[in-house]
Amino acid sequence: MTAPRRPLVAGNWKMNPTSRRAAVDLALAVAAGTNDLPVETVVCPPFVFLEAVASALRAASAADGPRPAVGAQTMRAEESGAYTGEISPLMLAGSASHVIVGHSERRRYDNETDAA
């Protein structure tokens with residue numbers, strides 16, 4: 001018999017917060033506030049703060065409890081290319097273990113589909 005799945009709760013921060021310090025503080029607060037919950041937690045800060053958040057969470061003491069995983073808010077499927085402002089899977093390697101894709105606003109405003 002397989003073990004029951006552990007629920008996953010991910011927070012997509014959109015364009016918030018607006019500073020690196022605030023992003024790190026928020027990630028550490030999420031870590032402190034969720035370490036007793038029976039769920040896997042993932043924080044998804046804006047790309048410009050991804051490495052700072054990942055680094056801060058890695059540095060957090062194991063005694064503080066389980067740390068949230070770090071996820072990216074989106075990515076392009078191509079590994080490289082002339083895609084201004086896009087993030088590739090290779091750019092996320094080492095910083096993010098999860099990625100959120102298929103956002104409703106990207107479908108609405110950027111005409112993204114399952115095919116693109």
# chains A, B, ... in the order shown; residues from 1 in each chain; ligands from 1

$ select_by_dssp --residues "region 66-116 of chain A" --states "strand (DSSP E)" --output "PyMOL selection string"
chain A and resi 69-72+98-99

$ residues_around --residues "region 70-85 of chain A" --least-positions-apart "3" --cutoff "7 Å" --atoms "only C-alpha atoms" --output "MDAnalysis selection string"
chainID A and resid 12 42:47 54 88:90 96:101

$ write_last_selection --atoms "all heavy atoms" --output "tab-separated table (two decimals), in the first residue's frame"
chain	number	residue	atom	x	y	z
A	12	ASN	N	2.39	31.93	-4.65
A	12	ASN	CA	2.89	32.70	-5.78
A	12	ASN	C	2.85	34.17	-5.39
A	12	ASN	O	1.79	34.74	-5.20
A	12	ASN	CB	2.00	32.43	-7.00
A	12	ASN	CG	2.43	33.20	-8.21
A	12	ASN	OD1	3.45	33.86	-8.23
A	12	ASN	ND2	1.63	33.12	-9.26
A	42	VAL	N	5.87	25.63	-0.44
A	42	VAL	CA	6.73	26.17	-1.48
A	42	VAL	C	6.47	27.67	-1.58
A	42	VAL	O	5.33	28.09	-1.69
A	42	VAL	CB	6.45	25.51	-2.86
A	42	VAL	CG1	7.38	26.06	-3.93
A	42	VAL	CG2	6.53	24.01	-2.77
A	43	VAL	N	7.54	28.46	-1.52
A	43	VAL	CA	7.43	29.90	-1.73
A	43	VAL	C	7.93	30.21	-3.12
A	43	VAL	O	8.94	29.67	-3.57
A	43	VAL	CB	8.20	30.71	-0.65
A	43	VAL	CG1	7.59	30.49	0.72
A	43	VAL	CG2	9.67	30.37	-0.63
A	44	CYS	N	7.22	31.10	-3.82
A	44	CYS	CA	7.55	31.43	-5.20
A	44	CYS	C	7.69	32.93	-5.36
A	44	CYS	O	6.76	33.62	-5.78
A	44	CYS	CB	6.48	30.88	-6.15
A	44	CYS	SG	6.27	29.09	-6.05
A	45	PRO	N	8.87	33.45	-5.00
A	45	PRO	CA	9.10	34.89	-5.11
A	45	PRO	C	9.38	35.30	-6.56
A	45	PRO	O	9.62	34.44	-7.41
A	45	PRO	CB	10.35	35.10	-4.26
A	45	PRO	CG	11.10	33.81	-4.38
A	45	PRO	CD	10.04	32.75	-4.47
A	46	PRO	N	9.37	36.61	-6.83
A	46	PRO	CA	9.77	37.07	-8.17
A	46	PRO	C	11.19	36.61	-8.49
A	46	PRO	O	12.03	36.46	-7.59
A	46	PRO	CB	9.69	38.60	-8.05
A	46	PRO	CG	8.76	38.86	-6.93
A	46	PRO	CD	8.97	37.72	-5.97
A	47	PHE	N	11.47	36.42	-9.77
A	47	PHE	CA	12.76	35.89	-10.19
A	47	PHE	C	13.95	36.69	-9.66
A	47	PHE	O	14.95	36.12	-9.27
A	47	PHE	CB	12.83	35.81	-11.73
A	47	PHE	CG	14.12	35.22	-12.22
A	47	PHE	CD1	14.37	33.86	-12.10
A	47	PHE	CD2	15.09	36.02	-12.80
A	47	PHE	CE1	15.56	33.31	-12.55
A	47	PHE	CE2	16.28	35.48	-13.25
A	47	PHE	CZ	16.51	34.12	-13.13
A	54	ALA	N	16.29	31.66	-1.81
A	54	ALA	CA	16.81	30.29	-1.73
A	54	ALA	C	18.01	30.22	-0.80
A	54	ALA	O	18.11	29.32	0.04
A	54	ALA	CB	17.18	29.78	-3.12
A	88	SER	N	14.68	30.36	-18.36
A	88	SER	CA	14.78	28.99	-18.86
A	88	SER	C	14.93	28.01	-17.69
A	88	SER	O	15.31	28.41	-16.59
A	88	SER	CB	16.00	28.86	-19.78
A	88	SER	OG	17.19	28.75	-19.02
A	89	PRO	N	14.66	26.73	-17.94
A	89	PRO	CA	14.86	25.73	-16.89
A	89	PRO	C	16.30	25.71	-16.38
A	89	PRO	O	16.54	25.51	-15.19
A	89	PRO	CB	14.50	24.40	-17.57
A	89	PRO	CG	13.77	24.75	-18.80
A	89	PRO	CD	14.13	26.14	-19.17
A	90	LEU	N	17.26	25.93	-17.29
A	90	LEU	CA	18.66	25.92	-16.88
A	90	LEU	C	18.98	27.09	-15.95
A	90	LEU	O	19.83	26.97	-15.06
A	90	LEU	CB	19.58	25.96	-18.10
A	90	LEU	CG	19.48	24.74	-19.03
A	90	LEU	CD1	20.41	24.92	-20.22
A	90	LEU	CD2	19.77	23.45	-18.29
A	96	ALA	N	15.58	26.76	-7.77
A	96	ALA	CA	14.16	26.41	-7.61
A	96	ALA	C	13.95	24.92	-7.84
A	96	ALA	O	14.51	24.34	-8.77
A	96	ALA	CB	13.32	27.21	-8.61
A	97	SER	N	13.13	24.33	-7.00
A	97	SER	CA	12.79	22.92	-7.17
A	97	SER	C	11.40	22.74	-7.75
A	97	SER	O	11.01	21.62	-8.09
A	97	SER	CB	12.86	22.20	-5.81
A	97	SER	OG	11.98	22.82	-4.88
A	98	HIS	N	10.64	23.82	-7.85
A	98	HIS	CA	9.29	23.79	-8.38
A	98	HIS	C	9.11	24.97	-9.33
A	98	HIS	O	9.82	25.96	-9.22
A	98	HIS	CB	8.26	23.92	-7.27
A	98	HIS	CG	8.27	22.81	-6.28
A	98	HIS	ND1	9.26	22.64	-5.34
A	98	HIS	CD2	7.39	21.81	-6.07
A	98	HIS	CE1	8.99	21.57	-4.60
A	98	HIS	NE2	7.86	21.05	-5.03
A	99	VAL	N	8.13	24.87	-10.22
A	99	VAL	CA	7.77	25.97	-11.11
A	99	VAL	C	6.26	25.95	-11.28
A	99	VAL	O	5.67	24.89	-11.50
A	99	VAL	CB	8.44	25.85	-12.50
A	99	VAL	CG1	8.01	27.00	-13.39
A	99	VAL	CG2	9.94	25.79	-12.38
A	100	ILE	N	5.65	27.12	-11.20
A	100	ILE	CA	4.22	27.25	-11.46
A	100	ILE	C	4.06	27.67	-12.92
A	100	ILE	O	4.67	28.64	-13.35
A	100	ILE	CB	3.58	28.31	-10.54
A	100	ILE	CG1	3.79	27.95	-9.07
A	100	ILE	CG2	2.09	28.44	-10.86
A	100	ILE	CD1	3.36	29.03	-8.11
A	101	VAL	N	3.24	26.95	-13.67
A	101	VAL	CA	2.98	27.30	-15.07
A	101	VAL	C	1.48	27.33	-15.30
A	101	VAL	O	0.71	26.79	-14.51
A	101	VAL	CB	3.67	26.33	-16.05
A	101	VAL	CG1	5.18	26.42	-15.93
A	101	VAL	CG2	3.20	24.90	-15.84

$ atom_distance --atom1 "CA of Ala29 (chain A)" --atom2 "CA of Ala60 (chain A)"
11.3 Å

$ select_by_dssp --residues "chain A" --states "alpha helix (DSSP H)" --output "PyMOL selection string"
chain A and resi 20-34+47-59+89-92+104-109

$ closest_residue --among "A:Pro7, A:Gly94, A:Pro68, A:Pro17" --to "Glu51 (chain A)" --atoms "only C-alpha atoms"
A:Gly94
